[in-house]
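Structure data (mmCIF, C-alpha atoms; chains and numbers go by the auth columns) from structure-v5.cif:
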```cif
data_query
loop_
_atom_site.group_PDB
_atom_site.id
_atom_site.type_symbol
_atom_site.label_atom_id
_atom_site.label_comp_id
_atom_site.label_asym_id
_atom_site.label_seq_id
_atom_site.Cartn_x
_atom_site.Cartn_y
_atom_site.Cartn_z
_atom_site.B_iso_or_equiv
_atom_site.auth_seq_id
_atom_site.auth_asym_id
ATOM 1 C CA MET A 1 -28.011 34.353 9.668 0.00 1 A
ATOM 2 C CA ASN A 2 -30.369 32.778 7.214 0.00 2 A
ATOM 3 C CA LEU A 3 -31.059 29.056 6.862 0.00 3 A
ATOM 4 C CA LYS A 4 -28.833 28.715 3.780 0.00 4 A
ATOM 5 C CA THR A 5 -25.829 30.183 5.614 0.00 5 A
ATOM 6 C CA ILE A 6 -26.409 27.935 8.625 0.00 6 A
ATOM 7 C CA LEU A 7 -26.674 24.824 6.424 0.00 7 A
ATOM 8 C CA LEU A 8 -23.534 25.757 4.489 0.00 8 A
ATOM 9 C CA SER A 9 -21.618 26.343 7.730 0.00 9 A
ATOM 10 C CA ALA A 10 -22.800 23.032 9.192 0.00 10 A
ATOM 11 C CA THR A 11 -21.894 21.169 6.005 0.00 11 A
ATOM 12 C CA ALA A 12 -18.438 22.747 5.912 0.00 12 A
ATOM 13 C CA ALA A 13 -17.842 21.821 9.561 0.00 13 A
ATOM 14 C CA MET A 14 -18.902 18.206 8.906 0.00 14 A
ATOM 15 C CA LEU A 15 -16.570 17.987 5.911 0.00 15 A
ATOM 16 C CA VAL A 16 -13.649 19.199 8.007 0.00 16 A
ATOM 17 C CA VAL A 17 -14.384 16.547 10.666 0.00 17 A
ATOM 18 C CA VAL A 18 -14.818 13.771 8.086 0.00 18 A
ATOM 19 C CA ALA A 19 -11.706 14.839 6.187 0.00 19 A
ATOM 20 C CA GLY A 20 -9.749 14.829 9.435 0.00 20 A
ATOM 21 C CA CYS A 21 -10.816 11.247 10.145 0.00 21 A
ATOM 22 C CA LYS A 22 -10.019 10.122 6.637 0.00 22 A
ATOM 23 C CA ASP A 23 -6.616 11.815 6.719 0.00 23 A
ATOM 24 C CA SER A 24 -5.564 9.890 9.832 0.00 24 A
ATOM 25 C CA LYS A 25 -6.775 6.590 8.320 0.00 25 A
ATOM 26 C CA LEU A 26 -5.055 7.442 5.052 0.00 26 A
ATOM 27 C CA GLU A 27 -1.831 8.376 6.797 0.00 27 A
ATOM 28 C CA LYS A 28 -1.903 5.123 8.769 0.00 28 A
ATOM 29 C CA ALA A 29 -2.464 3.090 5.586 0.00 29 A
ATOM 30 C CA LEU A 30 0.460 4.822 3.893 0.00 30 A
ATOM 31 C CA GLU A 31 2.919 4.415 6.779 0.00 31 A
ATOM 32 C CA SER A 32 5.393 1.567 6.518 0.00 32 A
ATOM 33 C CA ASP A 33 8.803 0.565 7.781 0.00 33 A
ATOM 34 C CA ALA A 34 9.750 -0.886 4.370 0.00 34 A
ATOM 35 C CA ASN A 35 9.149 -0.613 0.629 0.00 35 A
ATOM 36 C CA GLY A 36 8.100 -3.800 -1.167 0.00 36 A
ATOM 37 C CA TYR A 37 8.529 -4.651 -4.845 0.00 37 A
ATOM 38 C CA VAL A 38 8.004 -7.424 -7.366 0.00 38 A
ATOM 39 C CA CYS A 39 9.956 -7.761 -10.615 0.00 39 A
ATOM 40 C CA GLN A 40 7.764 -7.974 -13.704 0.00 40 A
ATOM 41 C CA GLN A 41 10.487 -9.892 -15.562 0.00 41 A
ATOM 42 C CA CYS A 42 11.617 -12.628 -13.146 0.00 42 A
ATOM 43 C CA SER A 43 8.910 -12.376 -10.417 0.00 43 A
ATOM 44 C CA ALA A 44 11.466 -11.772 -7.643 0.00 44 A
ATOM 45 C CA ARG A 45 9.884 -10.399 -4.473 0.00 45 A
ATOM 46 C CA PHE A 46 12.041 -8.064 -2.419 0.00 46 A
ATOM 47 C CA TYR A 47 11.875 -5.137 -0.059 0.00 47 A
ATOM 48 C CA THR A 48 14.139 -2.340 1.063 0.00 48 A
ATOM 49 C CA ALA A 49 14.406 -0.020 4.016 0.00 49 A
ATOM 50 C CA ARG A 50 11.875 2.791 3.982 0.00 50 A
ATOM 51 C CA ASP A 51 14.358 5.345 2.620 0.00 51 A
ATOM 52 C CA ILE A 52 15.740 3.188 -0.246 0.00 52 A
ATOM 53 C CA PHE A 53 14.089 3.201 -3.668 0.00 53 A
ATOM 54 C CA PRO A 54 15.426 0.651 -6.160 0.00 54 A
ATOM 55 C CA ALA A 55 16.505 1.330 -9.722 0.00 55 A
ATOM 56 C CA HIS A 56 16.456 -2.333 -10.733 0.00 56 A
ATOM 57 C CA CYS A 57 15.670 -5.873 -9.637 0.00 57 A
ATOM 58 C CA PRO A 58 18.428 -7.363 -7.464 0.00 58 A
ATOM 59 C CA GLN A 59 18.052 -10.735 -9.195 0.00 59 A
ATOM 60 C CA CYS A 60 17.824 -10.051 -12.955 0.00 60 A
ATOM 61 C CA LYS A 61 18.982 -6.398 -12.862 0.00 61 A
ATOM 62 C CA LYS A 62 16.053 -5.279 -15.073 0.00 62 A
ATOM 63 C CA PRO A 63 14.360 -1.945 -14.210 0.00 63 A
ATOM 64 C CA ASP A 64 10.863 -3.403 -14.675 0.00 64 A
ATOM 65 C CA ILE A 65 9.735 -3.476 -11.037 0.00 65 A
ATOM 66 C CA GLU A 66 6.382 -2.664 -9.465 0.00 66 A
ATOM 67 C CA GLN A 67 5.605 -1.541 -5.943 0.00 67 A
ATOM 68 C CA ALA A 68 3.915 -4.135 -3.748 0.00 68 A
ATOM 69 C CA ILE A 69 0.774 -3.024 -1.951 0.00 69 A
ATOM 70 C CA GLY A 70 -1.636 -4.651 0.443 0.00 70 A
ATOM 71 C CA PHE A 71 -5.245 -5.386 -0.507 0.00 71 A
ATOM 72 C CA SER A 72 -7.423 -5.586 2.636 0.00 72 A
ATOM 73 C CA CYS A 73 -10.269 -8.082 2.979 0.00 73 A
ATOM 74 C CA PRO A 74 -13.232 -6.747 4.990 0.00 74 A
ATOM 75 C CA ALA A 75 -14.480 -10.275 5.779 0.00 75 A
ATOM 76 C CA ASP A 76 -11.422 -11.807 7.440 0.00 76 A
ATOM 77 C CA LYS A 77 -9.107 -8.760 7.796 0.00 77 A
ATOM 78 C CA HIS A 78 -6.377 -10.587 5.831 0.00 78 A
ATOM 79 C CA VAL A 79 -4.012 -8.454 3.741 0.00 79 A
ATOM 80 C CA THR A 80 -3.121 -9.899 0.336 0.00 80 A
ATOM 81 C CA VAL A 81 0.200 -8.485 -0.863 0.00 81 A
ATOM 82 C CA ALA A 82 0.629 -8.153 -4.640 0.00 82 A
ATOM 83 C CA ALA A 83 2.043 -5.861 -7.291 0.00 83 A
ATOM 84 C CA ARG A 84 0.191 -2.605 -7.685 0.00 84 A
ATOM 85 C CA SER A 85 -2.353 -2.967 -10.468 0.00 85 A
ATOM 86 C CA ARG A 86 -5.368 -1.207 -11.887 0.00 86 A
ATOM 87 C CA GLY A 87 -7.939 -3.639 -10.526 0.00 87 A
ATOM 88 C CA ALA A 88 -8.755 -4.958 -7.096 0.00 88 A
ATOM 89 C CA ARG A 89 -7.479 -8.358 -5.998 0.00 89 A
ATOM 90 C CA ARG A 90 -9.317 -11.260 -4.437 0.00 90 A
ATOM 91 C CA CYS A 91 -8.374 -12.196 -0.882 0.00 91 A
ATOM 92 C CA GLU A 92 -5.837 -15.011 -1.015 0.00 92 A
ATOM 93 C CA LYS A 93 -7.272 -16.446 2.210 0.00 93 A
ATOM 94 C CA CYS A 94 -11.056 -16.523 1.628 0.00 94 A
ATOM 95 C CA GLY A 95 -11.355 -15.624 -2.061 0.00 95 A
ATOM 96 C CA GLY A 96 -13.648 -12.694 -1.334 0.00 96 A
ATOM 97 C CA PRO A 97 -13.309 -9.205 -2.778 0.00 97 A
ATOM 98 C CA THR A 98 -10.888 -6.779 -1.174 0.00 98 A
ATOM 99 C CA SER A 99 -11.997 -3.264 -0.367 0.00 99 A
ATOM 100 C CA GLY A 100 -8.994 -1.262 0.754 0.00 100 A
ATOM 101 C CA ILE A 101 -5.325 -0.818 0.052 0.00 101 A
ATOM 102 C CA SER A 102 -2.333 -0.141 2.255 0.00 102 A
ATOM 103 C CA ILE A 103 1.426 -0.113 2.151 0.00 103 A
ATOM 104 C CA PRO A 104 2.598 -3.422 3.678 0.00 104 A
ATOM 105 C CA GLY A 105 5.174 -3.412 6.437 0.00 105 A
ATOM 106 C CA GLU A 106 8.298 -5.544 6.776 0.00 106 A
ATOM 107 C CA ALA A 107 6.461 -8.379 8.565 0.00 107 A
ATOM 108 C CA GLU A 108 3.797 -8.613 5.843 0.00 108 A
ATOM 109 C CA LEU A 109 6.439 -8.474 3.109 0.00 109 A
ATOM 110 C CA LYS A 110 8.428 -11.288 4.751 0.00 110 A
ATOM 111 C CA ALA A 111 5.262 -13.398 5.051 0.00 111 A
ATOM 112 C CA TRP A 112 4.667 -12.752 1.331 0.00 112 A
ATOM 113 C CA GLY A 113 8.090 -14.241 0.591 0.00 113 A
ATOM 114 C CA ALA A 114 10.060 -11.070 -0.067 0.00 114 A
ATOM 115 C CA THR A 115 13.687 -10.800 0.983 0.00 115 A
ATOM 116 C CA LYS A 116 15.366 -7.655 2.260 0.00 116 A
ATOM 117 C CA LYS A 117 17.862 -5.989 -0.079 0.00 117 A
ATOM 118 C CA THR A 118 20.309 -3.146 0.454 0.00 118 A
ATOM 119 C CA GLY A 119 20.654 -0.029 -1.639 0.00 119 A
ATOM 120 C CA ALA A 120 23.810 -1.452 -3.234 0.00 120 A
ATOM 121 C CA GLU A 121 21.909 -4.566 -4.348 0.00 121 A
ATOM 122 C CA VAL A 122 19.096 -2.615 -6.016 0.00 122 A
ATOM 123 C CA GLY A 123 20.928 0.456 -7.293 0.00 123 A
ATOM 124 C CA GLY A 124 19.111 2.684 -4.817 0.00 124 A
#
```
As a first step, turn the structure in this file into structure tokens.
Amino acid sequence: MNLKTILLSATAAMLVVVAGCKDSKLEKALESDANGYVCQQCSARFYTARDIFPAHCPQCKKPDIEQAIGFSCPADKHVTVAARSRGARRCEKCGGPTSGISIPGEAELKAWGATKKTGAEVGG
């Protein structure tokens, strides 16, 4: 084996290890026991069971809803829950920049002020 082959093999092995670590962190961040939403029309915050996906807001019945996600603060580990958007959010606790996103669970959604809705209530 020449040096180029050895370096390529070592690099490929490192990428597999790094990708494996990232996949488990990614999978953990995407796991949740609930789905959270906020209505863009009336600002209602609600969540459903993991297997229910709403067609409309349970309050105003408009289809203009956005998924709620968690923005993680590296300084204080607080998760700010908000509608999914293009930009990052500031931490609602310390005001600092957030650096990661996750899918919030039922406990985080309740703390955010969301109420649980059934499939019948949201057309899901």
Box in all listed atoms of region 82-91 of chain A, axis-aligned, with 6 Å more on each side; write out centre and edge lengths in Å to one decimal as lines of an AutoDock Vina configuration file.
```
center_x = -3.6
center_y = -6.7
center_z = -6.4
size_x = 23.4
size_y = 23.0
size_z = 23.0
```
On this file, the PyMOL selection byres ((chain A and resi 66) around 12) gives some set of residues; write that set as a list of chain:residue names.
A:Asn35, A:Gly36, A:Tyr37, A:Val38, A:Cys39, A:Gln40, A:Gln41, A:Cys42, A:Ser43, A:Ala44, A:Arg45, A:Phe46, A:Tyr47, A:Phe53, A:Pro54, A:Ala55, A:His56, A:Cys57, A:Lys62, A:Pro63, A:Asp64, A:Ile65, A:Gln67, A:Ala68, A:Ile69, A:Ala82, A:Ala83, A:Arg84, A:Ser85
Would you mind telling me which residue in A:Leu109, A:Val122, A:Ala49, A:Ile101 lies nearest to Gly70 (chain A) when using all atoms listed in the file?
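Looking at the shortest contact to Gly70 (chain A), the residue is A:Ile101.
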Please expand the PyMOL selection byres ((chain A and resi 72-76) around 7) into the concrete residues it hits in this file, giving the result as a ChimeraX atom specification.
/A:70-71,77-80,91,97-101
In Å, rounded to a single decimal, give me how far CA of Gly87 (chain A) is from CA of Gln59 (chain A).
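Between CA of Gln59 (chain A) and CA of Gly87 (chain A) the gap is 27.0 Å.
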Choose the residue, out of A:Ile52, A:Ala88, A:Val81, A:Cys60, that has the smallest atom-to-atom separation from Lys110 (chain A); count all atoms listed in the file.
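Closest to Lys110 (chain A) of all the choices is A:Val81.
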Counting only C-alpha atoms, which residue out of A:Gly95, A:Asp51, A:Pro58, A:Arg89 sits closest to Ala114 (chain A)?
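Comparing A:Gly95, A:Asp51, A:Pro58, A:Arg89 against Ala114 (chain A), the winner is A:Pro58.
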If I take CA of Asp33 (chain A) and CA of Arg50 (chain A), how far is one from the other in Å, to one decimal?
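Between these atoms lies a distance of 5.4 Å.
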For CA of Gly123 (chain A) and CA of Glu108 (chain A), determine how far apart the two atoms are, in Å to one decimal place.
23.4 Å
